[in-house]
Amino acid sequence: MLWSLHHLGNDCTVTTTDASPEPAGPRSTGRPLSAELSGQLVSVALDILADEGWGRLNSDRVAARARAGKAGIYRRWPTMSALARHALGTATLVRVPDDSGSLLGDLCGLLQPWTRPLDRLERAAASLVGASRHDQELRAGLDEALVRPLAEAVRELAAREAGRGRPLPAERVALLESVLQALWWQRYTGFAAAPLSTDDVDRLVREVLLPIIEPEAVAPAQA
């Protein structure tokens, strides 16, 4: 897995060849676990991550807010990283847009969420980006919640374009995926980043993303 983290203008590329650890969902030991309590614990964890950040997520705070015992947390998740990873698994961070009939429209649809502030699930994910550089569990959670779905979305858009009679070179699709991923991390980690306007998204797609796919369409610089 290779993914880029952009933090306040400084690039940081994290590469790992380790297999992702098995997802640490609620563990079943002893009597059956309450699905209602599991959901409540996940919701509390997401609230803390979204509103206060990863540094404030601990079993004492989760238990107090959920009015549950700490033992109930650790019966489900052995660590706070495992809880955070499981909570991210409830998020849909990347949605494949409806078919617009063109690659331009599809890419604008993919980036449509950028025209609004980060929602609760996105803020929760954003709070984990920095810590994930040193925590394999968090890294795997972000990979599952954002990196893989984004790659699948890009491949779907490429398949649509091929179906329109315009197959895209695989190396260009891979480059588009890498650039989109980097832009997504930048959006998550940019300090107080303002949402883009619809015109901004359209310009980004036309001037940055489409030329990746069709470099020959970029006009040469005037002397």
# chains A, B, ... in the order shown; residues from 1 in each chain; ligands from 1
>>> residues_around(residues="Gly55 of chain A", least_positions_apart="3", cutoff="10 Å", atoms="only C-alpha atoms", output="number ranges by chain")
A: 48-49, 52, 58, 127-128, 131
>>> write_last_selection(atoms="N, CA and C atoms", output="compact mmCIF listing (two decimals), in the first residue's frame")
# COMPACT_ATOMS: atom_id res chain seq x y z
N ILE A 48 -16.19 11.72 19.67
CA ILE A 48 -14.95 12.20 20.28
C ILE A 48 -13.90 12.48 19.20
N LEU A 49 -13.75 11.55 18.27
CA LEU A 49 -12.77 11.75 17.19
C LEU A 49 -13.11 12.98 16.36
N GLU A 52 -13.10 16.26 19.05
CA GLU A 52 -11.97 16.52 19.94
C GLU A 52 -10.65 15.95 19.44
N ASN A 58 -10.13 7.81 24.70
CA ASN A 58 -9.64 6.83 25.66
C ASN A 58 -10.83 6.14 26.29
N SER A 127 -9.01 13.13 11.87
CA SER A 127 -8.29 13.20 13.15
C SER A 127 -7.27 12.07 13.30
N LEU A 128 -7.37 11.04 12.46
CA LEU A 128 -6.49 9.87 12.58
C LEU A 128 -5.30 9.91 11.63
N ALA A 131 -1.72 10.34 13.33
CA ALA A 131 -1.37 9.21 14.18
C ALA A 131 -1.19 7.93 13.37
>>> closest_residue(among="A:Leu111, A:Leu176, A:Met80, A:Ala35", to="Asp202 of chain A", atoms="only C-alpha atoms")
A:Leu111
>>> residues_around(residues="Leu157 of chain A", least_positions_apart="5", cutoff="12 Å", atoms="only C-alpha atoms", output="PDB file with all heavy atoms, in the first residue's frame")
ATOM      1  N   ARG A  95     -17.990   8.073  -2.358  1.00  0.00           N
ATOM      2  CA  ARG A  95     -19.150   7.519  -3.052  1.00  0.00           C
ATOM      3  C   ARG A  95     -18.925   7.600  -4.560  1.00  0.00           C
ATOM      4  O   ARG A  95     -18.474   8.620  -5.069  1.00  0.00           O
ATOM      5  CB  ARG A  95     -20.427   8.284  -2.688  1.00  0.00           C
ATOM      6  CG  ARG A  95     -20.802   8.181  -1.209  1.00  0.00           C
ATOM      7  CD  ARG A  95     -22.099   8.941  -0.930  1.00  0.00           C
ATOM      8  NE  ARG A  95     -22.428   8.944   0.485  1.00  0.00           N
ATOM      9  CZ  ARG A  95     -23.087   7.973   1.103  1.00  0.00           C
ATOM     10  NH1 ARG A  95     -23.507   6.919   0.396  1.00  0.00           N
ATOM     11  NH2 ARG A  95     -23.353   8.040   2.391  1.00  0.00           N
ATOM     12  N   VAL A  96     -19.259   6.526  -5.262  1.00  0.00           N
ATOM     13  CA  VAL A  96     -19.182   6.543  -6.715  1.00  0.00           C
ATOM     14  C   VAL A  96     -20.346   7.389  -7.232  1.00  0.00           C
ATOM     15  O   VAL A  96     -21.503   7.124  -6.905  1.00  0.00           O
ATOM     16  CB  VAL A  96     -19.267   5.120  -7.291  1.00  0.00           C
ATOM     17  CG1 VAL A  96     -19.228   5.160  -8.821  1.00  0.00           C
ATOM     18  CG2 VAL A  96     -18.137   4.255  -6.748  1.00  0.00           C
ATOM     19  N   PRO A  97     -20.069   8.426  -8.017  1.00  0.00           N
ATOM     20  CA  PRO A  97     -21.147   9.290  -8.486  1.00  0.00           C
ATOM     21  C   PRO A  97     -21.991   8.611  -9.549  1.00  0.00           C
ATOM     22  O   PRO A  97     -21.568   7.635 -10.175  1.00  0.00           O
ATOM     23  CB  PRO A  97     -20.392  10.489  -9.077  1.00  0.00           C
ATOM     24  CG  PRO A  97     -19.098   9.910  -9.543  1.00  0.00           C
ATOM     25  CD  PRO A  97     -18.749   8.844  -8.531  1.00  0.00           C
ATOM     26  N   ASP A  98     -23.206   9.116  -9.736  1.00  0.00           N
ATOM     27  CA  ASP A  98     -24.044   8.636 -10.821  1.00  0.00           C
ATOM     28  C   ASP A  98     -23.357   8.913 -12.154  1.00  0.00           C
ATOM     29  O   ASP A  98     -22.562   9.852 -12.282  1.00  0.00           O
ATOM     30  CB  ASP A  98     -25.409   9.327 -10.797  1.00  0.00           C
ATOM     31  CG  ASP A  98     -26.230   8.960  -9.564  1.00  0.00           C
ATOM     32  OD1 ASP A  98     -25.979   7.874  -8.997  1.00  0.00           O
ATOM     33  OD2 ASP A  98     -27.104   9.757  -9.175  1.00  0.00           O
ATOM     34  N   ASP A  99     -23.669   8.099 -13.134  1.00  0.00           N
ATOM     35  CA  ASP A  99     -23.088   8.259 -14.464  1.00  0.00           C
ATOM     36  C   ASP A  99     -23.621   9.536 -15.100  1.00  0.00           C
ATOM     37  O   ASP A  99     -24.823   9.671 -15.346  1.00  0.00           O
ATOM     38  CB  ASP A  99     -23.441   7.049 -15.329  1.00  0.00           C
ATOM     39  CG  ASP A  99     -22.654   7.005 -16.631  1.00  0.00           C
ATOM     40  OD1 ASP A  99     -22.163   8.067 -17.067  1.00  0.00           O
ATOM     41  OD2 ASP A  99     -22.540   5.914 -17.199  1.00  0.00           O
ATOM     42  N   SER A 100     -22.718  10.478 -15.366  1.00  0.00           N
ATOM     43  CA  SER A 100     -23.114  11.766 -15.941  1.00  0.00           C
ATOM     44  C   SER A 100     -23.055  11.761 -17.460  1.00  0.00           C
ATOM     45  O   SER A 100     -23.512  12.707 -18.104  1.00  0.00           O
ATOM     46  CB  SER A 100     -22.192  12.878 -15.415  1.00  0.00           C
ATOM     47  OG  SER A 100     -20.891  12.727 -15.946  1.00  0.00           O
ATOM     48  N   GLY A 101     -22.449  10.722 -18.012  1.00  0.00           N
ATOM     49  CA  GLY A 101     -22.287  10.665 -19.448  1.00  0.00           C
ATOM     50  C   GLY A 101     -20.946  11.147 -19.936  1.00  0.00           C
ATOM     51  O   GLY A 101     -20.633  11.039 -21.119  1.00  0.00           O
ATOM     52  N   SER A 102     -20.113  11.679 -19.040  1.00  0.00           N
ATOM     53  CA  SER A 102     -18.781  12.158 -19.428  1.00  0.00           C
ATOM     54  C   SER A 102     -17.824  12.009 -18.261  1.00  0.00           C
ATOM     55  O   SER A 102     -18.237  12.001 -17.091  1.00  0.00           O
ATOM     56  CB  SER A 102     -18.832  13.621 -19.868  1.00  0.00           C
ATOM     57  OG  SER A 102     -19.043  14.476 -18.757  1.00  0.00           O
ATOM     58  N   LEU A 103     -16.529  11.900 -18.583  1.00  0.00           N
ATOM     59  CA  LEU A 103     -15.527  11.809 -17.522  1.00  0.00           C
ATOM     60  C   LEU A 103     -15.477  13.103 -16.725  1.00  0.00           C
ATOM     61  O   LEU A 103     -15.314  13.079 -15.493  1.00  0.00           O
ATOM     62  CB  LEU A 103     -14.153  11.510 -18.123  1.00  0.00           C
ATOM     63  CG  LEU A 103     -13.010  11.310 -17.124  1.00  0.00           C
ATOM     64  CD1 LEU A 103     -13.314  10.176 -16.155  1.00  0.00           C
ATOM     65  CD2 LEU A 103     -11.697  11.043 -17.860  1.00  0.00           C
ATOM     66  N   LEU A 104     -15.619  14.236 -17.396  1.00  0.00           N
ATOM     67  CA  LEU A 104     -15.647  15.522 -16.703  1.00  0.00           C
ATOM     68  C   LEU A 104     -16.756  15.543 -15.662  1.00  0.00           C
ATOM     69  O   LEU A 104     -16.531  15.881 -14.492  1.00  0.00           O
ATOM     70  CB  LEU A 104     -15.852  16.657 -17.716  1.00  0.00           C
ATOM     71  CG  LEU A 104     -16.170  18.047 -17.128  1.00  0.00           C
ATOM     72  CD1 LEU A 104     -14.999  18.559 -16.298  1.00  0.00           C
ATOM     73  CD2 LEU A 104     -16.517  19.034 -18.240  1.00  0.00           C
ATOM     74  N   GLY A 105     -17.959  15.187 -16.074  1.00  0.00           N
ATOM     75  CA  GLY A 105     -19.084  15.188 -15.140  1.00  0.00           C
ATOM     76  C   GLY A 105     -18.914  14.183 -14.020  1.00  0.00           C
ATOM     77  O   GLY A 105     -19.272  14.453 -12.866  1.00  0.00           O
ATOM     78  N   ASP A 106     -18.359  13.006 -14.346  1.00  0.00           N
ATOM     79  CA  ASP A 106     -18.164  11.980 -13.320  1.00  0.00           C
ATOM     80  C   ASP A 106     -17.150  12.434 -12.271  1.00  0.00           C
ATOM     81  O   ASP A 106     -17.344  12.225 -11.063  1.00  0.00           O
ATOM     82  CB  ASP A 106     -17.693  10.679 -13.957  1.00  0.00           C
ATOM     83  CG  ASP A 106     -18.802   9.963 -14.721  1.00  0.00           C
ATOM     84  OD1 ASP A 106     -19.969  10.384 -14.606  1.00  0.00           O
ATOM     85  OD2 ASP A 106     -18.490   9.001 -15.436  1.00  0.00           O
ATOM     86  N   LEU A 107     -16.050  13.053 -12.707  1.00  0.00           N
ATOM     87  CA  LEU A 107     -15.044  13.525 -11.754  1.00  0.00           C
ATOM     88  C   LEU A 107     -15.598  14.668 -10.902  1.00  0.00           C
ATOM     89  O   LEU A 107     -15.323  14.739  -9.700  1.00  0.00           O
ATOM     90  CB  LEU A 107     -13.782  13.967 -12.489  1.00  0.00           C
ATOM     91  CG  LEU A 107     -12.901  12.833 -13.025  1.00  0.00           C
ATOM     92  CD1 LEU A 107     -11.810  13.382 -13.936  1.00  0.00           C
ATOM     93  CD2 LEU A 107     -12.284  12.033 -11.882  1.00  0.00           C
ATOM     94  N   CYS A 108     -16.367  15.551 -11.512  1.00  0.00           N
ATOM     95  CA  CYS A 108     -17.002  16.617 -10.729  1.00  0.00           C
ATOM     96  C   CYS A 108     -17.952  16.014  -9.701  1.00  0.00           C
ATOM     97  O   CYS A 108     -18.037  16.485  -8.563  1.00  0.00           O
ATOM     98  CB  CYS A 108     -17.745  17.582 -11.648  1.00  0.00           C
ATOM     99  SG  CYS A 108     -16.671  18.690 -12.604  1.00  0.00           S
ATOM    100  N   GLY A 109     -18.672  14.951 -10.077  1.00  0.00           N
ATOM    101  CA  GLY A 109     -19.558  14.274  -9.134  1.00  0.00           C
ATOM    102  C   GLY A 109     -18.807  13.613  -8.001  1.00  0.00           C
ATOM    103  O   GLY A 109     -19.233  13.633  -6.844  1.00  0.00           O
ATOM    104  N   LEU A 110     -17.643  13.023  -8.327  1.00  0.00           N
ATOM    105  CA  LEU A 110     -16.821  12.386  -7.297  1.00  0.00           C
ATOM    106  C   LEU A 110     -16.361  13.402  -6.266  1.00  0.00           C
ATOM    107  O   LEU A 110     -16.288  13.101  -5.063  1.00  0.00           O
ATOM    108  CB  LEU A 110     -15.614  11.713  -7.957  1.00  0.00           C
ATOM    109  CG  LEU A 110     -14.645  10.967  -7.041  1.00  0.00           C
ATOM    110  CD1 LEU A 110     -15.325   9.771  -6.388  1.00  0.00           C
ATOM    111  CD2 LEU A 110     -13.414  10.526  -7.818  1.00  0.00           C
ATOM    112  N   LEU A 150     -11.656   4.785  -2.817  1.00  0.00           N
ATOM    113  CA  LEU A 150     -11.296   5.781  -3.820  1.00  0.00           C
ATOM    114  C   LEU A 150     -10.705   5.100  -5.052  1.00  0.00           C
ATOM    115  O   LEU A 150     -11.035   5.459  -6.192  1.00  0.00           O
ATOM    116  CB  LEU A 150     -10.303   6.781  -3.232  1.00  0.00           C
ATOM    117  CG  LEU A 150      -9.810   7.873  -4.182  1.00  0.00           C
ATOM    118  CD1 LEU A 150     -10.978   8.692  -4.724  1.00  0.00           C
ATOM    119  CD2 LEU A 150      -8.798   8.782  -3.484  1.00  0.00           C
ATOM    120  N   ALA A 151      -9.841   4.114  -4.838  1.00  0.00           N
ATOM    121  CA  ALA A 151      -9.267   3.384  -5.967  1.00  0.00           C
ATOM    122  C   ALA A 151     -10.360   2.688  -6.770  1.00  0.00           C
ATOM    123  O   ALA A 151     -10.344   2.695  -8.011  1.00  0.00           O
ATOM    124  CB  ALA A 151      -8.242   2.367  -5.464  1.00  0.00           C
ATOM    125  N   GLU A 152     -11.323   2.105  -6.074  1.00  0.00           N
ATOM    126  CA  GLU A 152     -12.426   1.426  -6.766  1.00  0.00           C
ATOM    127  C   GLU A 152     -13.281   2.427  -7.539  1.00  0.00           C
ATOM    128  O   GLU A 152     -13.737   2.141  -8.653  1.00  0.00           O
ATOM    129  CB  GLU A 152     -13.287   0.671  -5.746  1.00  0.00           C
ATOM    130  CG  GLU A 152     -12.572  -0.538  -5.137  1.00  0.00           C
ATOM    131  CD  GLU A 152     -13.301  -1.102  -3.933  1.00  0.00           C
ATOM    132  OE1 GLU A 152     -14.404  -0.586  -3.606  1.00  0.00           O
ATOM    133  OE2 GLU A 152     -12.788  -2.054  -3.316  1.00  0.00           O
ATOM    134  N   ALA A 162     -14.311   3.733 -20.796  1.00  0.00           N
ATOM    135  CA  ALA A 162     -14.037   2.691 -21.784  1.00  0.00           C
ATOM    136  C   ALA A 162     -15.324   2.263 -22.472  1.00  0.00           C
ATOM    137  O   ALA A 162     -15.347   2.022 -23.685  1.00  0.00           O
ATOM    138  CB  ALA A 162     -13.359   1.495 -21.112  1.00  0.00           C
ATOM    139  N   GLY A 163     -16.417   2.179 -21.681  1.00  0.00           N
ATOM    140  CA  GLY A 163     -17.705   1.829 -22.260  1.00  0.00           C
ATOM    141  C   GLY A 163     -18.228   2.870 -23.232  1.00  0.00           C
ATOM    142  O   GLY A 163     -19.079   2.571 -24.080  1.00  0.00           O
ATOM    143  N   ARG A 164     -17.731   4.090 -23.131  1.00  0.00           N
ATOM    144  CA  ARG A 164     -18.102   5.156 -24.070  1.00  0.00           C
ATOM    145  C   ARG A 164     -17.212   5.153 -25.306  1.00  0.00           C
ATOM    146  O   ARG A 164     -17.290   6.050 -26.136  1.00  0.00           O
ATOM    147  CB  ARG A 164     -18.008   6.512 -23.367  1.00  0.00           C
ATOM    148  CG  ARG A 164     -18.932   6.679 -22.172  1.00  0.00           C
ATOM    149  CD  ARG A 164     -18.685   8.002 -21.446  1.00  0.00           C
ATOM    150  NE  ARG A 164     -19.456   8.054 -20.201  1.00  0.00           N
ATOM    151  CZ  ARG A 164     -18.948   8.390 -19.023  1.00  0.00           C
ATOM    152  NH1 ARG A 164     -17.658   8.727 -18.921  1.00  0.00           N
ATOM    153  NH2 ARG A 164     -19.709   8.400 -17.950  1.00  0.00           N
ATOM    154  N   ARG A 166     -13.819   5.214 -25.130  1.00  0.00           N
ATOM    155  CA  ARG A 166     -12.598   5.970 -24.890  1.00  0.00           C
ATOM    156  C   ARG A 166     -11.799   5.299 -23.763  1.00  0.00           C
ATOM    157  O   ARG A 166     -11.725   5.813 -22.651  1.00  0.00           O
ATOM    158  CB  ARG A 166     -12.919   7.411 -24.497  1.00  0.00           C
ATOM    159  CG  ARG A 166     -13.652   8.204 -25.578  1.00  0.00           C
ATOM    160  CD  ARG A 166     -13.776   9.663 -25.167  1.00  0.00           C
ATOM    161  NE  ARG A 166     -12.455  10.244 -24.981  1.00  0.00           N
ATOM    162  CZ  ARG A 166     -12.195  11.282 -24.181  1.00  0.00           C
ATOM    163  NH1 ARG A 166     -13.163  11.834 -23.462  1.00  0.00           N
ATOM    164  NH2 ARG A 166     -10.975  11.759 -24.084  1.00  0.00           N
ATOM    165  N   PRO A 167     -11.191   4.150 -24.047  1.00  0.00           N
ATOM    166  CA  PRO A 167     -10.395   3.484 -23.003  1.00  0.00           C
ATOM    167  C   PRO A 167      -9.221   4.351 -22.575  1.00  0.00           C
ATOM    168  O   PRO A 167      -8.599   5.036 -23.390  1.00  0.00           O
ATOM    169  CB  PRO A 167      -9.923   2.195 -23.689  1.00  0.00           C
ATOM    170  CG  PRO A 167      -9.988   2.508 -25.157  1.00  0.00           C
ATOM    171  CD  PRO A 167     -11.143   3.446 -25.342  1.00  0.00           C
ATOM    172  N   LEU A 168      -8.940   4.335 -21.280  1.00  0.00           N
ATOM    173  CA  LEU A 168      -7.878   5.168 -20.717  1.00  0.00           C
ATOM    174  C   LEU A 168      -6.648   4.315 -20.428  1.00  0.00           C
ATOM    175  O   LEU A 168      -6.771   3.188 -19.940  1.00  0.00           O
ATOM    176  CB  LEU A 168      -8.358   5.830 -19.432  1.00  0.00           C
ATOM    177  CG  LEU A 168      -9.654   6.656 -19.535  1.00  0.00           C
ATOM    178  CD1 LEU A 168     -10.067   7.157 -18.160  1.00  0.00           C
ATOM    179  CD2 LEU A 168      -9.457   7.819 -20.501  1.00  0.00           C
ATOM    180  N   VAL A 173      -4.568   6.148 -15.438  1.00  0.00           N
ATOM    181  CA  VAL A 173      -5.587   5.923 -14.407  1.00  0.00           C
ATOM    182  C   VAL A 173      -4.919   5.807 -13.040  1.00  0.00           C
ATOM    183  O   VAL A 173      -5.401   6.368 -12.044  1.00  0.00           O
ATOM    184  CB  VAL A 173      -6.409   4.656 -14.719  1.00  0.00           C
ATOM    185  CG1 VAL A 173      -7.372   4.335 -13.579  1.00  0.00           C
ATOM    186  CG2 VAL A 173      -7.192   4.842 -16.026  1.00  0.00           C
ATOM    187  N   LEU A 176      -3.895   9.259 -11.949  1.00  0.00           N
ATOM    188  CA  LEU A 176      -5.079  10.004 -11.514  1.00  0.00           C
ATOM    189  C   LEU A 176      -5.477   9.593 -10.100  1.00  0.00           C
ATOM    190  O   LEU A 176      -5.778  10.447  -9.251  1.00  0.00           O
ATOM    191  CB  LEU A 176      -6.235   9.754 -12.478  1.00  0.00           C
ATOM    192  CG  LEU A 176      -7.586  10.374 -12.095  1.00  0.00           C
ATOM    193  CD1 LEU A 176      -7.505  11.894 -12.093  1.00  0.00           C
ATOM    194  CD2 LEU A 176      -8.679   9.892 -13.048  1.00  0.00           C
ATOM    195  N   GLU A 177      -5.450   8.310  -9.834  1.00  0.00           N
ATOM    196  CA  GLU A 177      -5.783   7.804  -8.498  1.00  0.00           C
ATOM    197  C   GLU A 177      -4.832   8.375  -7.448  1.00  0.00           C
ATOM    198  O   GLU A 177      -5.262   8.814  -6.370  1.00  0.00           O
ATOM    199  CB  GLU A 177      -5.729   6.282  -8.488  1.00  0.00           C
ATOM    200  CG  GLU A 177      -6.000   5.662  -7.137  1.00  0.00           C
ATOM    201  CD  GLU A 177      -5.707   4.174  -7.137  1.00  0.00           C
ATOM    202  OE1 GLU A 177      -5.833   3.531  -8.194  1.00  0.00           O
ATOM    203  OE2 GLU A 177      -5.334   3.655  -6.061  1.00  0.00           O
ATOM    204  N   ILE A 213      -5.179  12.562 -17.568  1.00  0.00           N
ATOM    205  CA  ILE A 213      -5.691  11.524 -18.452  1.00  0.00           C
ATOM    206  C   ILE A 213      -5.381  11.833 -19.908  1.00  0.00           C
ATOM    207  O   ILE A 213      -5.079  10.946 -20.708  1.00  0.00           O
ATOM    208  CB  ILE A 213      -7.217  11.375 -18.257  1.00  0.00           C
ATOM    209  CG1 ILE A 213      -7.514  10.841 -16.845  1.00  0.00           C
ATOM    210  CG2 ILE A 213      -7.819  10.455 -19.304  1.00  0.00           C
ATOM    211  CD1 ILE A 213      -6.978   9.457 -16.581  1.00  0.00           C
TER     212      ILE A 213
END
>>> closest_residue(among="A:Leu46, A:Ala174, A:Val129, A:Leu204", to="Thr90 of chain A", atoms="only C-alpha atoms")
A:Leu46
>>> closest_residue(among="A:Val205, A:Ala153, A:Leu183, A:Leu37", to="Gly69 of chain A", atoms="only C-alpha atoms")
A:Leu37
>>> select_by_dssp(residues="segment 50-192 of chain A", states="helix (DSSP H, G or I)", output="ChimeraX atom specification")
/A:50-51,54-56,59-66,70-74,80-88,103-110,112-115,120-126,129-132,136-163,170-189
>>> closest_residue(among="A:Trp185, A:Tyr74, A:Trp114, A:Trp54", to="Val147 of chain A", atoms="only C-alpha atoms")
A:Trp185
>>> closest_residue(among="A:Ala66, A:Ala124, A:Leu138, A:Ala145", to="Ser81 of chain A", atoms="only C-alpha atoms")
A:Leu138
>>> residues_around(residues="Asp47 of chain A", least_positions_apart="4", cutoff="12 Å", atoms="only C-alpha atoms", output="CSV table (one decimal) with N, CA, C and O atoms, in the first residue's frame")
chain,number,residue,atom,x,y,z
A,40,GLN,N,-23.7,2.1,20.4
A,40,GLN,CA,-23.6,3.3,21.2
A,40,GLN,C,-22.1,3.7,21.4
A,40,GLN,O,-21.7,4.8,21.4
A,41,LEU,N,-21.3,2.6,21.7
A,41,LEU,CA,-19.9,2.9,21.9
A,41,LEU,C,-19.2,3.4,20.6
A,41,LEU,O,-18.4,4.3,20.7
A,42,VAL,N,-19.6,2.9,19.5
A,42,VAL,CA,-19.0,3.3,18.2
A,42,VAL,C,-19.4,4.8,18.0
A,42,VAL,O,-18.6,5.6,17.6
A,43,SER,N,-20.7,5.1,18.2
A,43,SER,CA,-21.2,6.5,18.0
A,43,SER,C,-20.4,7.5,18.9
A,43,SER,O,-20.0,8.6,18.5
A,51,ASP,N,-15.0,15.7,17.1
A,51,ASP,CA,-15.1,16.9,17.8
A,51,ASP,C,-13.9,17.3,18.6
A,51,ASP,O,-13.6,18.5,18.9
A,52,GLU,N,-13.1,16.3,19.0
A,52,GLU,CA,-12.0,16.5,19.9
A,52,GLU,C,-10.7,15.9,19.4
A,52,GLU,O,-9.6,16.4,19.9
A,53,GLY,N,-10.7,14.9,18.6
A,53,GLY,CA,-9.5,14.4,18.0
A,53,GLY,C,-9.0,13.1,18.6
A,53,GLY,O,-9.5,12.7,19.7
A,54,TRP,N,-8.1,12.4,17.9
A,54,TRP,CA,-7.6,11.1,18.4
A,54,TRP,C,-7.0,11.2,19.8
A,54,TRP,O,-7.1,10.3,20.6
A,56,ARG,N,-7.9,12.6,22.3
A,56,ARG,CA,-8.9,12.6,23.4
A,56,ARG,C,-9.7,11.3,23.5
A,56,ARG,O,-10.5,11.2,24.4
A,57,LEU,N,-9.4,10.3,22.6
A,57,LEU,CA,-10.1,9.1,22.6
A,57,LEU,C,-9.4,8.1,23.6
A,57,LEU,O,-8.3,7.7,23.4
A,61,ARG,N,-13.2,8.1,28.8
A,61,ARG,CA,-14.1,9.1,28.2
A,61,ARG,C,-15.3,8.3,27.5
A,61,ARG,O,-16.4,8.8,27.5
A,62,VAL,N,-14.9,7.3,26.7
A,62,VAL,CA,-15.9,6.5,26.0
A,62,VAL,C,-16.9,5.9,27.0
A,62,VAL,O,-18.1,6.0,26.8
A,65,ARG,N,-19.2,8.7,28.6
A,65,ARG,CA,-20.2,9.2,27.7
A,65,ARG,C,-21.3,8.2,27.4
A,65,ARG,O,-22.5,8.5,27.2
A,66,ALA,N,-20.9,6.9,27.2
A,66,ALA,CA,-21.8,5.9,26.9
A,66,ALA,C,-22.5,5.3,28.1
A,66,ALA,O,-23.5,4.5,27.9
A,84,ALA,N,-11.3,2.6,17.0
A,84,ALA,CA,-11.3,3.7,15.9
A,84,ALA,C,-11.4,3.1,14.5
A,84,ALA,O,-12.1,3.5,13.7
A,87,ALA,N,-14.9,1.8,14.0
A,87,ALA,CA,-15.8,3.0,13.8
A,87,ALA,C,-15.7,3.5,12.4
A,87,ALA,O,-16.7,3.9,11.8
A,88,LEU,N,-14.4,3.6,11.9
A,88,LEU,CA,-14.3,4.0,10.5
A,88,LEU,C,-15.0,3.1,9.5
A,88,LEU,O,-15.4,3.5,8.5
A,119,ASP,N,-18.0,16.4,7.1
A,119,ASP,CA,-19.0,16.0,8.0
A,119,ASP,C,-18.4,15.3,9.2
A,119,ASP,O,-17.2,15.1,9.3
A,120,ARG,N,-19.3,14.7,10.0
A,120,ARG,CA,-18.8,14.1,11.3
A,120,ARG,C,-17.9,12.9,11.0
A,120,ARG,O,-16.8,12.8,11.6
A,121,LEU,N,-18.2,12.1,10.1
A,121,LEU,CA,-17.4,10.9,9.8
A,121,LEU,C,-16.1,11.3,9.1
A,121,LEU,O,-15.0,10.7,9.4
A,122,GLU,N,-16.1,12.3,8.3
A,122,GLU,CA,-14.9,12.8,7.7
A,122,GLU,C,-14.0,13.5,8.7
A,122,GLU,O,-12.8,13.3,8.6
A,123,ARG,N,-14.6,14.2,9.6
A,123,ARG,CA,-13.7,14.8,10.7
A,123,ARG,C,-13.1,13.7,11.5
A,123,ARG,O,-11.9,13.9,12.0
A,124,ALA,N,-13.8,12.7,11.8
A,124,ALA,CA,-13.3,11.6,12.6
A,124,ALA,C,-12.1,10.9,11.9
A,124,ALA,O,-11.0,10.7,12.4
A,125,ALA,N,-12.3,10.7,10.6
A,125,ALA,CA,-11.2,10.1,9.8
A,125,ALA,C,-10.0,11.1,9.7
A,125,ALA,O,-8.8,10.6,9.9
A,127,SER,N,-9.0,13.1,11.9
A,127,SER,CA,-8.3,13.2,13.1
A,127,SER,C,-7.3,12.1,13.3
A,127,SER,O,-6.4,12.1,14.2
>>> closest_residue(among="A:Ala170, A:Ala63, A:Ala68, A:Ala82", to="Leu142 of chain A", atoms="only C-alpha atoms")
A:Ala82
